[in-house]
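Okay, structure first, notes after.
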Amino acid sequence: MNSILPSHSTFVSGVRPVRPRVSVVMVVYQTGDALIESIQHVLAEPLVDEFVIIDNGSPADWAERLRALSQAEPRVVLRQGHGNVGFARGANMGAETARGEYIVFLNPDANLQANCVEALVAAFENQPVPTVVGARVMNTDGTEQRGGRRGEVTPVTTLLSFGHLTARFKGLSKFEIHREREPTPDAAVPMPTISGACFALRREDFDLLSGFDEGYFLHVEDIDLCWRARQAGGQVLFQPKAEVIHLGHTSLEHPLKVEFHKGVGLSRYFIKRADSVQRYILAVLLAPLILLMSVSRPLIWKITGRPI
């Protein structure tokens with residue numbers, strides 16, 4: 001296997017700063033070989049003072065490689081042995097461990113691009129607390145990835161999005177929440193929802209929001225965080241100058257299990273945020289349909305040959 005450490009690393013020795021400015025938090029579980037490249041990109045970024053890796057249960061060989069990395073790389077702080085506690089709990093553990101003023105949450109299959117961290121941090125200047133700043137999530141071909149910037153996620157927009165119905169029927173276009181086809185803004189702009197693949201908060205933002213809702217096991221915790229930030233009188237920003245390449249669909253976990261957790265998370269989110277009896281009833285009634293559509297996605301991928 002290839003080494004996790006980048007061949008050009010200059011950080012194999014030294015002392016971490018007493019108070020890091022920027023900490024990257026990465027929750028790792030059954031990621032596969034994509035993890036190597038993602039870690040290398042983090043270690044190659046000079047603005048990253050601290051790199052917290054939360055290992056939710058890697059295979060023995062990967063667990064050993066991560067331990068070797070933490071011993072060789074002074075910026076790396078590794079937590080292992082707690083089992084698969086889910087992404088939300090793992091991310092909270094990472095933030096509790098991190099000491100940085102700014103905390104960047106990064107998926108283990110996402111590769112930081114040049115100036116990404118700098119742009120994320122710059123977007124916080126003169127912004128209220130809490131503020132969440134999301135990166136521009138890219139595909140490997142240089143196009144912007146679906147889901148990186150979105151409008152309000154609701155039961156209706158979710159069901160229409162699952163079937164790409166807003167693109168097929170002009171009358172439904174007003175319900176389209178995905179904005180990757182819109183012109184790229186020149187600077188950070190307010191956005192109801194950003195992607196959990198790469199985003200940042202200041203320590204004070206994270207503390208005010210009490211971190212992630214650990215009622216979510218996998219997926220939707222990022223949507224929930226954005227909603228709660230806005231509910232608290234803060235804001236969510238999309239920073240187009242902070243780019244990250246997100247491979248996606250690299251997990252060694254079965255897609256059906258992943259999509260099941262997404263469906264459960266979405267149903268929980270809609271029930272949680274229902275602000276009237278009518279919306280609560282609607283969310284409860286639509287929950288089985290949302291779960292069914294979510295778990296059917298892997299089958300559709302297999303038939304069509306592409307993710308939806």
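Naming scheme: A, B, ... for chains in displayed order of the structure tokens; residues 1 onward per chain; ligands 1 onward as shown.
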Spatial neighbours of segment 75-77 of chain A, 6 Å, only C-alpha atoms, chain gap at least 5 places, as a PyMOL selection string: chain A and resi 50-52+70
Next, the residues of the selection above should be written as a JSON list (two decimals), in the first residue's frame with C-alpha atoms.
```json
[["chain", "number", "residue", "atom", "x", "y", "z"],
["A", 50, "GLU", "CA", -3.91, 20.71, 13.41],
["A", 51, "PHE", "CA", -5.49, 17.65, 11.77],
["A", 52, "VAL", "CA", -7.91, 15.68, 13.96],
["A", 70, "SER", "CA", -0.17, 10.15, 13.97]]
```
Need the shell around Leu106 of chain A: protein/DNA/RNA residues with any atom at most 8 Å away, counting only C-alpha atoms. Skip same-chain ones fewer than 3 positions apart. Format as an MDAnalysis selection string? chainID A and resid 24:27 110 196:199
Excluding Gly215 of chain A and its own-chain neighbours fewer than 5 positions away, which residues fall within 10 Å of it when counting only C-alpha atoms? Please give them as a PyMOL selection string. chain A and resi 86+88-89+221+265+268-269
Could the residues in this selection be saved with N, CA and C atoms as a PDB file, in the first residue's frame?
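Done, and the output landed in selection.pdb:
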```
ATOM      1  N   GLY A  86     -21.198   6.871  14.447  1.00  0.00           N
ATOM      2  CA  GLY A  86     -21.916   7.714  13.501  1.00  0.00           C
ATOM      3  C   GLY A  86     -21.152   8.985  13.199  1.00  0.00           C
ATOM      4  N   ALA A  88     -22.244  12.271  13.055  1.00  0.00           N
ATOM      5  CA  ALA A  88     -22.512  13.437  13.897  1.00  0.00           C
ATOM      6  C   ALA A  88     -21.745  13.349  15.216  1.00  0.00           C
ATOM      7  N   ARG A  89     -21.811  12.200  15.867  1.00  0.00           N
ATOM      8  CA  ARG A  89     -21.078  12.036  17.126  1.00  0.00           C
ATOM      9  C   ARG A  89     -19.570  12.102  16.885  1.00  0.00           C
ATOM     10  N   GLU A 221     -27.142  15.633   8.974  1.00  0.00           N
ATOM     11  CA  GLU A 221     -26.670  16.448  10.093  1.00  0.00           C
ATOM     12  C   GLU A 221     -26.160  17.798   9.613  1.00  0.00           C
ATOM     13  N   GLY A 265     -32.615   9.962   8.208  1.00  0.00           N
ATOM     14  CA  GLY A 265     -32.203  11.298   8.618  1.00  0.00           C
ATOM     15  C   GLY A 265     -33.114  12.381   8.079  1.00  0.00           C
ATOM     16  N   ARG A 268     -36.429  12.312   9.918  1.00  0.00           N
ATOM     17  CA  ARG A 268     -36.261  12.886  11.260  1.00  0.00           C
ATOM     18  C   ARG A 268     -36.162  14.410  11.204  1.00  0.00           C
ATOM     19  N   TYR A 269     -35.440  14.903  10.215  1.00  0.00           N
ATOM     20  CA  TYR A 269     -35.258  16.346  10.067  1.00  0.00           C
ATOM     21  C   TYR A 269     -36.587  17.052   9.818  1.00  0.00           C
TER      22      TYR A 269
END
```
Tell me which protein, DNA and RNA residues are within 12 Å of Cys226 of chain A, counting only C-alpha atoms, leaving out same-chain ones fewer than 6 positions away, and put them as a ChimeraX atom specification. /A:130-134,149-153,190-196,199-201,205-206,209,211-213,220,232-238,269
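From atom CA of Phe260 of chain A back to atom CA of Leu291 of chain A, the distance works out to 6.7 Å.
Shortest atom-to-atom contact with Leu247 of chain A among A:Cys116, A:Ala34, A:Ala63, A:Val284: A:Ala34, counting only C-alpha atoms.
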Considering only helix (DSSP H, G or I) as DSSP defines it on the backbone, what residues of segment 14-151 of chain A qualify? List them as a ChimeraX atom specification. /A:34-43,60-72,87-97,116-122
Atoms kept (N, CA and C atoms) for selection, written as a compact mmCIF listing (two decimals), in the first residue's frame:
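Written out: again_22.txt:
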```txt
# COMPACT_ATOMS: atom_id res chain seq x y z
N ALA A 34 -9.45 6.15 -1.29
CA ALA A 34 -9.62 7.59 -1.45
C ALA A 34 -9.11 8.35 -0.24
N LEU A 35 -9.06 7.69 0.90
CA LEU A 35 -8.61 8.33 2.13
C LEU A 35 -7.16 8.80 2.02
N ILE A 36 -6.33 8.02 1.33
CA ILE A 36 -4.91 8.38 1.21
C ILE A 36 -4.74 9.74 0.57
N GLU A 37 -5.40 9.94 -0.56
CA GLU A 37 -5.26 11.21 -1.28
C GLU A 37 -5.82 12.37 -0.48
N SER A 38 -6.95 12.12 0.20
CA SER A 38 -7.55 13.19 0.99
C SER A 38 -6.63 13.63 2.11
N ILE A 39 -6.02 12.68 2.80
CA ILE A 39 -5.09 13.01 3.88
C ILE A 39 -3.87 13.75 3.35
N GLN A 40 -3.36 13.30 2.21
CA GLN A 40 -2.20 13.96 1.62
C GLN A 40 -2.48 15.42 1.29
N HIS A 41 -3.68 15.70 0.79
CA HIS A 41 -4.03 17.09 0.47
C HIS A 41 -4.10 17.94 1.73
N VAL A 42 -4.61 17.36 2.81
CA VAL A 42 -4.67 18.13 4.07
C VAL A 42 -3.26 18.43 4.56
N LEU A 43 -2.40 17.43 4.56
CA LEU A 43 -1.04 17.61 5.07
C LEU A 43 -0.20 18.53 4.19
N ALA A 60 -8.23 -3.39 10.42
CA ALA A 60 -7.00 -3.43 11.21
C ALA A 60 -5.81 -2.80 10.50
N ASP A 61 -5.67 -3.08 9.18
CA ASP A 61 -4.50 -2.54 8.47
C ASP A 61 -4.58 -1.02 8.34
N TRP A 62 -5.78 -0.51 8.08
CA TRP A 62 -5.94 0.93 7.98
C TRP A 62 -5.77 1.60 9.35
N ALA A 63 -6.27 0.96 10.39
CA ALA A 63 -6.13 1.50 11.74
C ALA A 63 -4.66 1.64 12.11
N GLU A 64 -3.87 0.66 11.73
CA GLU A 64 -2.44 0.70 12.01
C GLU A 64 -1.75 1.79 11.22
N ARG A 65 -2.15 1.98 9.98
CA ARG A 65 -1.56 3.03 9.15
C ARG A 65 -1.87 4.42 9.72
N LEU A 66 -3.08 4.57 10.24
CA LEU A 66 -3.44 5.85 10.85
C LEU A 66 -2.63 6.08 12.12
N ARG A 67 -2.38 5.04 12.88
CA ARG A 67 -1.56 5.19 14.08
C ARG A 67 -0.13 5.58 13.71
N ALA A 68 0.39 4.95 12.66
CA ALA A 68 1.74 5.30 12.21
C ALA A 68 1.80 6.75 11.74
N LEU A 69 0.75 7.19 11.08
CA LEU A 69 0.69 8.58 10.62
C LEU A 69 0.70 9.54 11.80
N SER A 70 -0.09 9.24 12.82
CA SER A 70 -0.17 10.15 13.97
C SER A 70 1.15 10.23 14.72
N GLN A 71 1.95 9.16 14.66
CA GLN A 71 3.25 9.17 15.32
C GLN A 71 4.30 9.92 14.49
N ALA A 72 4.13 9.91 13.17
CA ALA A 72 5.11 10.55 12.30
C ALA A 72 4.81 12.02 12.02
N PHE A 87 -21.55 9.64 12.10
CA PHE A 87 -20.80 10.83 11.70
C PHE A 87 -21.00 12.00 12.66
N ALA A 88 -22.24 12.27 13.06
CA ALA A 88 -22.51 13.44 13.90
C ALA A 88 -21.74 13.35 15.22
N ARG A 89 -21.81 12.20 15.87
CA ARG A 89 -21.08 12.04 17.13
C ARG A 89 -19.57 12.10 16.89
N GLY A 90 -19.12 11.47 15.81
CA GLY A 90 -17.69 11.52 15.49
C GLY A 90 -17.21 12.94 15.23
N ALA A 91 -18.01 13.72 14.51
CA ALA A 91 -17.64 15.12 14.22
C ALA A 91 -17.60 15.94 15.51
N ASN A 92 -18.55 15.69 16.40
CA ASN A 92 -18.52 16.39 17.69
C ASN A 92 -17.28 16.01 18.50
N MET A 93 -16.91 14.74 18.47
CA MET A 93 -15.69 14.31 19.15
C MET A 93 -14.47 15.02 18.56
N GLY A 94 -14.48 15.17 17.23
CA GLY A 94 -13.38 15.85 16.57
C GLY A 94 -13.29 17.30 16.98
N ALA A 95 -14.43 17.97 17.03
CA ALA A 95 -14.45 19.39 17.41
C ALA A 95 -14.07 19.56 18.88
N GLU A 96 -14.49 18.62 19.73
CA GLU A 96 -14.12 18.68 21.14
C GLU A 96 -12.61 18.50 21.33
N THR A 97 -12.02 17.71 20.44
CA THR A 97 -10.58 17.44 20.51
C THR A 97 -9.78 18.60 19.91
N CYS A 116 -8.18 26.84 -0.62
CA CYS A 116 -9.50 26.52 -0.08
C CYS A 116 -9.63 26.95 1.37
N VAL A 117 -8.68 26.55 2.20
CA VAL A 117 -8.73 26.89 3.63
C VAL A 117 -8.66 28.40 3.82
N GLU A 118 -7.79 29.05 3.09
CA GLU A 118 -7.65 30.51 3.20
C GLU A 118 -8.97 31.20 2.87
N ALA A 119 -9.65 30.75 1.82
CA ALA A 119 -10.92 31.36 1.41
C ALA A 119 -12.02 31.10 2.44
N LEU A 120 -12.04 29.92 3.01
CA LEU A 120 -13.04 29.61 4.04
C LEU A 120 -12.88 30.55 5.24
N VAL A 121 -11.66 30.69 5.70
CA VAL A 121 -11.39 31.54 6.87
C VAL A 121 -11.69 33.01 6.57
N ALA A 122 -11.33 33.46 5.37
CA ALA A 122 -11.55 34.86 5.00
C ALA A 122 -13.03 35.22 5.00
```
Could you give me, as a tab-separated table, a per-residue list for segment 121-238 of chain A showing, wherever an atom lies at most 12 Å from an atom of segment 275-279 of chain A, the closest pair of atoms and their distance in Å to one decimal, using only C-alpha atoms and sorting by chain then residue number from low to high?
```
residue	atom	partner	partner_atom	distance
A:Thr154	CA	A:Arg279	CA	10.4
A:Pro155	CA	A:Arg279	CA	9.7
A:Val156	CA	A:Arg279	CA	11.3
```
Contact residues around Arg136 of chain A with only C-alpha atoms at 6 Å, ignoring same-chain residues under 4 positions, as a ChimeraX atom specification: /A:240,242-243
Go ahead and dump the residues you just picked, N, CA and C atoms, as a PDB file, in the first residue's frame.
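Contents of selection-v8.pdb, freshly written:
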```pdb
ATOM      1  N   PRO A 240     -17.507  30.539  -3.029  1.00  0.00           N
ATOM      2  CA  PRO A 240     -17.093  29.957  -4.308  1.00  0.00           C
ATOM      3  C   PRO A 240     -15.587  29.885  -4.493  1.00  0.00           C
ATOM      4  N   ALA A 242     -13.479  28.854  -2.310  1.00  0.00           N
ATOM      5  CA  ALA A 242     -12.949  27.704  -1.563  1.00  0.00           C
ATOM      6  C   ALA A 242     -13.393  26.438  -2.286  1.00  0.00           C
ATOM      7  N   GLU A 243     -12.496  25.836  -3.039  1.00  0.00           N
ATOM      8  CA  GLU A 243     -12.868  24.673  -3.848  1.00  0.00           C
ATOM      9  C   GLU A 243     -12.306  23.378  -3.262  1.00  0.00           C
TER      10      GLU A 243
END
```
Length of the atom CA of Gln80 of chain A to atom CA of Gly263 of chain A vector [Å]: 27.9 Å
Between A:Asn107, A:Ser23, A:Gln231, A:Gln239, single out the one closest to Val129 of chain A, counting only C-alpha atoms. A:Gln231
Neighbour list for Ser294 of chain A as an MDAnalysis selection string, cut-off 9 Å, only C-alpha atoms, skip fewer than 3 positions in-chain: chainID A and resid 162 256 259:264 289:291 297:298
